[in-house]
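J.: One file is attached below, upload_36.cif, containing mmCIF, C-alpha atoms and all ligand atoms.
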data_structure
loop_
_atom_site.label_atom_id
_atom_site.label_comp_id
_atom_site.auth_asym_id
_atom_site.auth_seq_id
_atom_site.Cartn_x
_atom_site.Cartn_y
_atom_site.Cartn_z
CA MET C 1 -3.84 24.54 31.02
CA HIS C 2 -4.93 27.70 32.79
CA ILE C 3 -4.96 27.83 36.55
CA GLY C 4 -7.18 30.10 38.55
CA TYR C 5 -10.67 28.95 37.64
CA GLU C 6 -13.01 29.68 40.55
CA TRP C 7 -14.23 26.07 40.61
CA LEU C 8 -10.78 24.97 41.75
CA GLY C 9 -12.08 25.82 45.24
CA SER C 10 -15.00 23.39 44.92
CA SER C 11 -13.89 19.90 45.80
CA PRO C 12 -16.68 17.95 44.02
CA LYS C 13 -16.07 19.87 40.79
CA LEU C 14 -12.32 19.59 41.18
CA LEU C 15 -12.56 15.84 41.80
CA ILE C 16 -14.51 15.28 38.58
CA TRP C 17 -12.02 17.45 36.69
CA GLN C 18 -9.16 15.36 38.05
CA GLN C 19 -10.98 12.15 37.11
CA LEU C 20 -11.55 13.49 33.60
CA CYS C 21 -7.86 14.40 33.29
CA GLN C 22 -6.91 10.89 34.43
CA ILE C 23 -9.18 9.32 31.80
CA LEU C 24 -7.63 11.53 29.13
CA TYR C 25 -4.11 10.87 30.35
CA ASP C 26 -4.66 7.09 30.15
CA LYS C 27 -6.23 7.49 26.73
CA LEU C 28 -3.55 9.73 25.24
CA LYS C 29 -0.36 8.76 27.05
CA ASP C 30 0.91 6.61 24.19
CA ALA C 31 0.05 9.09 21.45
CA HIS C 32 3.04 10.60 19.68
CA GLU C 33 1.23 13.76 18.77
CA ILE C 34 -1.84 15.14 20.43
CA ASP C 35 -4.36 16.82 18.20
CA SER C 36 -5.24 20.40 19.25
CA PHE C 37 -8.85 19.22 19.35
CA TYR C 38 -8.21 17.82 22.86
CA PHE C 39 -6.70 21.01 24.26
CA LEU C 40 -9.43 23.17 22.81
CA ALA C 41 -12.18 20.87 24.09
CA LEU C 42 -10.67 20.85 27.60
CA GLU C 43 -10.19 24.60 27.65
CA LYS C 44 -13.78 25.15 26.55
CA ALA C 45 -14.98 22.77 29.29
CA ALA C 46 -12.83 24.45 31.95
CA LYS C 47 -14.42 27.82 31.24
CA LYS C 48 -17.93 26.43 31.72
CA TRP C 49 -17.12 23.94 34.47
CA SER C 50 -18.60 26.07 37.27
CA LEU C 51 -21.83 26.76 35.40
CA MET C 52 -22.93 23.26 34.56
CA ASN C 53 -23.10 19.81 36.09
CA PRO C 54 -19.48 18.71 35.57
CA LYS C 55 -20.35 15.04 35.02
CA ARG C 56 -22.60 16.08 32.16
CA MET C 57 -19.87 18.24 30.68
CA ALA C 58 -17.27 15.50 31.07
CA ILE C 59 -19.51 12.91 29.37
CA GLU C 60 -20.34 15.30 26.54
CA LEU C 61 -16.64 16.03 26.09
CA LEU C 62 -15.73 12.33 26.01
CA ILE C 63 -18.50 11.65 23.50
CA SER C 64 -17.19 14.49 21.30
CA MET C 65 -13.69 13.06 21.50
CA LEU C 66 -14.76 9.55 20.55
CA ASP C 67 -16.73 10.99 17.65
CA HIS C 68 -13.71 13.05 16.59
CA GLU C 69 -11.69 9.82 16.60
CA GLY C 70 -14.36 7.99 14.60
CA ARG C 71 -14.84 5.57 17.49
CA LEU C 72 -18.31 6.47 18.70
CA ASP C 73 -20.68 3.54 18.39
CA LYS C 74 -23.56 4.90 16.32
CA SER C 75 -24.64 1.51 15.01
CA ASN C 76 -27.97 -0.08 15.77
CA ARG C 77 -26.32 -3.38 16.72
CA CYS C 78 -25.26 -4.81 20.04
CA PHE C 79 -21.47 -4.70 20.40
CA TYR C 80 -21.50 -8.18 21.98
CA CYS C 81 -23.97 -10.26 19.97
CA GLN C 82 -24.33 -8.12 16.79
CA GLN C 83 -28.12 -8.39 16.89
CA ASN C 84 -30.31 -5.30 16.51
CA LEU C 85 -30.72 -3.18 19.60
CA LEU C 86 -34.06 -2.72 21.32
CA GLU C 87 -35.92 0.19 22.87
CA ASN C 88 -33.47 0.18 25.77
CA VAL C 89 -29.72 -0.05 25.41
CA ALA C 90 -27.07 -0.63 28.04
CA LEU C 91 -23.58 0.74 27.70
CA ALA C 92 -20.32 -1.17 27.93
CA LYS C 93 -16.79 0.16 28.30
CA GLY C 94 -15.97 2.82 25.72
CA TYR C 95 -19.69 3.69 25.44
CA ALA C 96 -20.35 0.66 23.23
CA LYS C 97 -24.08 -0.02 22.97
CA VAL C 98 -25.21 -3.47 24.06
CA HIS C 99 -28.38 -5.33 25.04
CA GLU C 100 -29.30 -5.13 28.69
CA ASN C 101 -29.36 -8.95 28.75
CA CYS C 102 -25.95 -9.23 27.11
CA ILE C 103 -24.27 -7.21 29.84
CA GLY C 104 -26.65 -7.97 32.72
CA ALA C 105 -27.28 -4.34 33.54
CA SER C 106 -30.20 -2.01 33.15
CA GLY C 107 -29.83 0.50 30.38
CA PHE C 108 -31.22 3.72 29.03
CA ARG C 109 -33.80 4.70 26.44
CA HIS C 110 -32.12 4.09 23.13
CA GLU C 111 -33.44 7.35 21.71
CA HIS C 112 -31.87 9.28 24.59
CA ILE C 113 -28.49 7.67 23.99
CA ALA C 114 -28.86 8.27 20.26
CA HIS C 115 -29.52 11.95 20.99
CA LEU C 116 -26.44 12.10 23.21
CA TYR C 117 -24.29 10.56 20.49
CA GLU C 118 -25.66 12.74 17.71
CA ASN C 119 -25.89 16.05 19.55
CA LYS C 120 -23.27 15.63 22.32
CA SER C 121 -25.97 16.56 24.79
CA THR C 122 -27.07 14.80 27.98
CA ILE C 123 -30.28 16.84 28.10
CA PHE C 124 -32.61 13.83 27.93
CA LEU C 125 -30.75 11.90 30.64
CA ASN C 126 -31.66 12.38 34.29
CA ASP C 127 -29.04 12.91 36.98
CA ASN C 128 -29.12 9.27 38.03
CA GLU C 129 -28.47 8.17 34.45
CA VAL C 130 -25.64 10.70 34.19
CA ASP C 131 -24.12 9.28 37.39
CA ARG C 132 -24.27 5.77 35.93
CA ILE C 133 -22.63 6.84 32.66
CA TRP C 134 -19.96 8.72 34.58
CA ALA C 135 -19.22 5.62 36.70
CA LEU C 136 -18.80 3.67 33.46
CA SER C 137 -16.52 6.38 32.08
CA LEU C 138 -14.18 5.90 35.03
CA GLN C 139 -13.42 2.41 33.70
CA GLY C 140 -11.58 4.18 30.94
CA PHE C 141 -11.44 3.83 27.19
CA ALA C 142 -9.40 1.48 25.09
CA ASN C 143 -6.78 3.18 22.95
ZN ZN C 201 -26.58 -8.33 22.53
#
Let's see the structure in the file written out as structure tokens.
Ligand SMILES: [Zn+2]
T.:
Amino acid sequence: MHIGYEWLGSSPKLLIWQQLCQILYDKLKDAHEIDSFYFLALEKAAKKWSLMNPKRMAIELLISMLDHEGRLDKSNRCFYCQQNLLENVALAKGYAKVHENCIGASGFRHEHIAHLYENKSTIFLNDNEVDRIWALSLQGFAN
């Protein structure tokens, strides 16, 4: 990875970068070979890290990776109870979509999460929602 990005001097941006690297390390540490997709995605993110909200970029990158791995939950069913999802969805570990009642947490507009999953864009999520998804991301992803 390159060193010398100007955002290395910004501690909030650097902290989120380090957290993202930790998530990826935990996710990939047992892989025998690492697909170039991951390096290219990280390099692309590093170049834009100073321009955008880094939590948004990190979430979009993780969503892209899960999609690349075929593990992004694009179903319309709750991961826990398998019933159809409603207008709001909550997210569980690994960005699995669940009913708010099934996880006991408030969720997000389903259409906004669907847009995130389809377009790898957090544009319809407000900063508070991005903070909540980032906090969930820090719980890591199953391998
Ligand atoms: Zn459910």
J.: Where does chain C meet ligand ZN 201 (chain C) within 6 Å, residue by residue, with the nearest atom pair and distance in Å to one decimal for each, counting all atoms listed in the file, listed by chain and rising number, as JSON lines?
T.:
{"residue": "C:Cys78", "atom": "CA", "partner": "C:ZN201", "partner_atom": "ZN", "distance": 4.5}
{"residue": "C:Tyr80", "atom": "CA", "partner": "C:ZN201", "partner_atom": "ZN", "distance": 5.1}
{"residue": "C:Cys81", "atom": "CA", "partner": "C:ZN201", "partner_atom": "ZN", "distance": 4.1}
{"residue": "C:Gln83", "atom": "CA", "partner": "C:ZN201", "partner_atom": "ZN", "distance": 5.8}
{"residue": "C:Val98", "atom": "CA", "partner": "C:ZN201", "partner_atom": "ZN", "distance": 5.3}
{"residue": "C:His99", "atom": "CA", "partner": "C:ZN201", "partner_atom": "ZN", "distance": 4.3}
{"residue": "C:Cys102", "atom": "CA", "partner": "C:ZN201", "partner_atom": "ZN", "distance": 4.7}
J.: Could I get the residues of stretch 12-57 of chain C with an atom no further than 10 Å from an atom of stretch 119-133 of chain C, each paired with its nearest atom pair and that distance in Å to one decimal, using all atoms listed in the file, sorted by chain and residue number, as a Markdown table?
T.:
| residue | atom | partner | partner_atom | distance |
| --- | --- | --- | --- | --- |
| C:Asn53 | CA | C:Asp127 | CA | 9.1 |
| C:Lys55 | CA | C:Val130 | CA | 6.9 |
| C:Arg56 | CA | C:Thr122 | CA | 6.3 |
| C:Met57 | CA | C:Thr122 | CA | 8.4 |
J.: Taking all atoms of stretch 12-31 of chain C that appear in the file, build a box with edges along x, y and z, extend it by 8 Å on every side, and state its centre and edge lengths in Å to one decimal, as AutoDock Vina command-line options.
T.:
--center_x -7.9 --center_y 13.2 --center_z 32.7 --size_x 33.6 --size_y 29.3 --size_z 38.6
J.: To one decimal in Å, tell me the separation between atom CA of C:Trp49 and atom CA of C:His115.
T.: 21.9 Å
J.: Nearest to C:Trp134: which of C:Met65, C:Leu20, C:Ala96, C:Ala31 is it, counting all atoms listed in the file?
T.: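 Closest to C:Trp134 of all the choices is C:Leu20.
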J.: Starting from the incomplete input, reconstruct N, CA and C atoms of stretch 66-100 of chain C and report them as a PDB file, in the coordinates of the input.
T.:
ATOM      1  N   LEU C  66     -14.623  10.844  21.240  1.00  0.00           N
ATOM      2  CA  LEU C  66     -14.760   9.550  20.550  1.00  0.00           C
ATOM      3  C   LEU C  66     -15.273   9.777  19.129  1.00  0.00           C
ATOM      4  N   ASP C  67     -16.200  10.709  18.980  1.00  0.00           N
ATOM      5  CA  ASP C  67     -16.730  10.990  17.650  1.00  0.00           C
ATOM      6  C   ASP C  67     -15.626  11.564  16.769  1.00  0.00           C
ATOM      7  N   HIS C  68     -14.841  12.460  17.333  1.00  0.00           N
ATOM      8  CA  HIS C  68     -13.710  13.050  16.590  1.00  0.00           C
ATOM      9  C   HIS C  68     -12.748  11.956  16.108  1.00  0.00           C
ATOM     10  N   GLU C  69     -12.592  10.929  16.937  1.00  0.00           N
ATOM     11  CA  GLU C  69     -11.690   9.820  16.600  1.00  0.00           C
ATOM     12  C   GLU C  69     -12.354   8.769  15.711  1.00  0.00           C
ATOM     13  N   GLY C  70     -13.634   8.968  15.414  1.00  0.00           N
ATOM     14  CA  GLY C  70     -14.360   7.990  14.600  1.00  0.00           C
ATOM     15  C   GLY C  70     -14.628   6.695  15.358  1.00  0.00           C
ATOM     16  N   ARG C  71     -14.674   6.781  16.692  1.00  0.00           N
ATOM     17  CA  ARG C  71     -14.840   5.570  17.490  1.00  0.00           C
ATOM     18  C   ARG C  71     -16.126   5.565  18.304  1.00  0.00           C
ATOM     19  N   LEU C  72     -17.042   6.449  17.966  1.00  0.00           N
ATOM     20  CA  LEU C  72     -18.310   6.470  18.700  1.00  0.00           C
ATOM     21  C   LEU C  72     -19.256   5.465  18.049  1.00  0.00           C
ATOM     22  N   ASP C  73     -19.830   4.622  18.880  1.00  0.00           N
ATOM     23  CA  ASP C  73     -20.680   3.540  18.390  1.00  0.00           C
ATOM     24  C   ASP C  73     -22.059   4.069  18.017  1.00  0.00           C
ATOM     25  N   LYS C  74     -22.253   4.385  16.749  1.00  0.00           N
ATOM     26  CA  LYS C  74     -23.560   4.900  16.320  1.00  0.00           C
ATOM     27  C   LYS C  74     -24.374   3.823  15.610  1.00  0.00           C
ATOM     28  N   SER C  75     -23.931   2.588  15.696  1.00  0.00           N
ATOM     29  CA  SER C  75     -24.640   1.510  15.010  1.00  0.00           C
ATOM     30  C   SER C  75     -25.941   1.191  15.739  1.00  0.00           C
ATOM     31  N   ASN C  76     -26.742   0.375  15.121  1.00  0.00           N
ATOM     32  CA  ASN C  76     -27.970  -0.080  15.770  1.00  0.00           C
ATOM     33  C   ASN C  76     -27.815  -1.545  16.197  1.00  0.00           C
ATOM     34  N   ARG C  77     -26.569  -1.982  16.360  1.00  0.00           N
ATOM     35  CA  ARG C  77     -26.320  -3.380  16.720  1.00  0.00           C
ATOM     36  C   ARG C  77     -25.595  -3.464  18.060  1.00  0.00           C
ATOM     37  N   CYS C  78     -25.898  -4.549  18.744  1.00  0.00           N
ATOM     38  CA  CYS C  78     -25.260  -4.810  20.040  1.00  0.00           C
ATOM     39  C   CYS C  78     -23.777  -5.132  19.799  1.00  0.00           C
ATOM     40  N   PHE C  79     -22.916  -4.485  20.541  1.00  0.00           N
ATOM     41  CA  PHE C  79     -21.470  -4.700  20.400  1.00  0.00           C
ATOM     42  C   PHE C  79     -21.081  -6.154  20.709  1.00  0.00           C
ATOM     43  N   TYR C  80     -21.848  -6.806  21.592  1.00  0.00           N
ATOM     44  CA  TYR C  80     -21.500  -8.180  21.980  1.00  0.00           C
ATOM     45  C   TYR C  80     -22.053  -9.220  21.023  1.00  0.00           C
ATOM     46  N   CYS C  81     -23.356  -9.156  20.732  1.00  0.00           N
ATOM     47  CA  CYS C  81     -23.970 -10.260  19.970  1.00  0.00           C
ATOM     48  C   CYS C  81     -24.288  -9.874  18.516  1.00  0.00           C
ATOM     49  N   GLN C  82     -24.129  -8.604  18.174  1.00  0.00           N
ATOM     50  CA  GLN C  82     -24.330  -8.120  16.790  1.00  0.00           C
ATOM     51  C   GLN C  82     -25.787  -8.148  16.342  1.00  0.00           C
ATOM     52  N   GLN C  83     -26.702  -8.439  17.256  1.00  0.00           N
ATOM     53  CA  GLN C  83     -28.120  -8.390  16.890  1.00  0.00           C
ATOM     54  C   GLN C  83     -28.619  -6.945  17.057  1.00  0.00           C
ATOM     55  N   ASN C  84     -29.755  -6.651  16.402  1.00  0.00           N
ATOM     56  CA  ASN C  84     -30.310  -5.300  16.510  1.00  0.00           C
ATOM     57  C   ASN C  84     -30.615  -4.934  17.953  1.00  0.00           C
ATOM     58  N   LEU C  85     -30.419  -3.681  18.255  1.00  0.00           N
ATOM     59  CA  LEU C  85     -30.720  -3.180  19.600  1.00  0.00           C
ATOM     60  C   LEU C  85     -32.216  -2.970  19.758  1.00  0.00           C
ATOM     61  N   LEU C  86     -32.645  -2.858  21.004  1.00  0.00           N
ATOM     62  CA  LEU C  86     -34.060  -2.720  21.320  1.00  0.00           C
ATOM     63  C   LEU C  86     -34.332  -1.296  21.805  1.00  0.00           C
ATOM     64  N   GLU C  87     -35.511  -1.132  22.402  1.00  0.00           N
ATOM     65  CA  GLU C  87     -35.920   0.190  22.870  1.00  0.00           C
ATOM     66  C   GLU C  87     -34.983   0.728  23.948  1.00  0.00           C
ATOM     67  N   ASN C  88     -34.461  -0.195  24.761  1.00  0.00           N
ATOM     68  CA  ASN C  88     -33.470   0.180  25.770  1.00  0.00           C
ATOM     69  C   ASN C  88     -32.102  -0.343  25.371  1.00  0.00           C
ATOM     70  N   VAL C  89     -31.080   0.434  25.642  1.00  0.00           N
ATOM     71  CA  VAL C  89     -29.720  -0.050  25.410  1.00  0.00           C
ATOM     72  C   VAL C  89     -28.905   0.143  26.694  1.00  0.00           C
ATOM     73  N   ALA C  90     -28.034  -0.789  26.948  1.00  0.00           N
ATOM     74  CA  ALA C  90     -27.070  -0.630  28.040  1.00  0.00           C
ATOM     75  C   ALA C  90     -25.753  -0.205  27.398  1.00  0.00           C
ATOM     76  N   LEU C  91     -24.867   0.307  28.220  1.00  0.00           N
ATOM     77  CA  LEU C  91     -23.580   0.740  27.700  1.00  0.00           C
ATOM     78  C   LEU C  91     -22.463  -0.092  28.321  1.00  0.00           C
ATOM     79  N   ALA C  92     -21.508  -0.461  27.473  1.00  0.00           N
ATOM     80  CA  ALA C  92     -20.320  -1.170  27.930  1.00  0.00           C
ATOM     81  C   ALA C  92     -19.143  -0.191  27.883  1.00  0.00           C
ATOM     82  N   LYS C  93     -17.990  -0.671  28.284  1.00  0.00           N
ATOM     83  CA  LYS C  93     -16.790   0.160  28.300  1.00  0.00           C
ATOM     84  C   LYS C  93     -16.580   0.841  26.940  1.00  0.00           C
ATOM     85  N   GLY C  94     -16.170   2.087  26.971  1.00  0.00           N
ATOM     86  CA  GLY C  94     -15.970   2.820  25.720  1.00  0.00           C
ATOM     87  C   GLY C  94     -17.266   3.303  25.111  1.00  0.00           C
ATOM     88  N   TYR C  95     -18.363   3.246  25.903  1.00  0.00           N
ATOM     89  CA  TYR C  95     -19.690   3.690  25.440  1.00  0.00           C
ATOM     90  C   TYR C  95     -20.221   2.829  24.301  1.00  0.00           C
ATOM     91  N   ALA C  96     -19.786   1.580  24.223  1.00  0.00           N
ATOM     92  CA  ALA C  96     -20.350   0.660  23.230  1.00  0.00           C
ATOM     93  C   ALA C  96     -21.778   0.308  23.648  1.00  0.00           C
ATOM     94  N   LYS C  97     -22.685   0.287  22.685  1.00  0.00           N
ATOM     95  CA  LYS C  97     -24.080  -0.020  22.970  1.00  0.00           C
ATOM     96  C   LYS C  97     -24.293  -1.535  22.935  1.00  0.00           C
ATOM     97  N   VAL C  98     -24.974  -2.022  23.946  1.00  0.00           N
ATOM     98  CA  VAL C  98     -25.210  -3.470  24.060  1.00  0.00           C
ATOM     99  C   VAL C  98     -26.626  -3.719  24.587  1.00  0.00           C
ATOM    100  N   HIS C  99     -27.101  -4.939  24.430  1.00  0.00           N
ATOM    101  CA  HIS C  99     -28.380  -5.330  25.040  1.00  0.00           C
ATOM    102  C   HIS C  99     -28.228  -5.378  26.554  1.00  0.00           C
ATOM    103  N   GLU C 100     -29.307  -5.020  27.229  1.00  0.00           N
ATOM    104  CA  GLU C 100     -29.300  -5.130  28.690  1.00  0.00           C
ATOM    105  C   GLU C 100     -28.986  -6.572  29.104  1.00  0.00           C
TER     106      GLU C 100
END
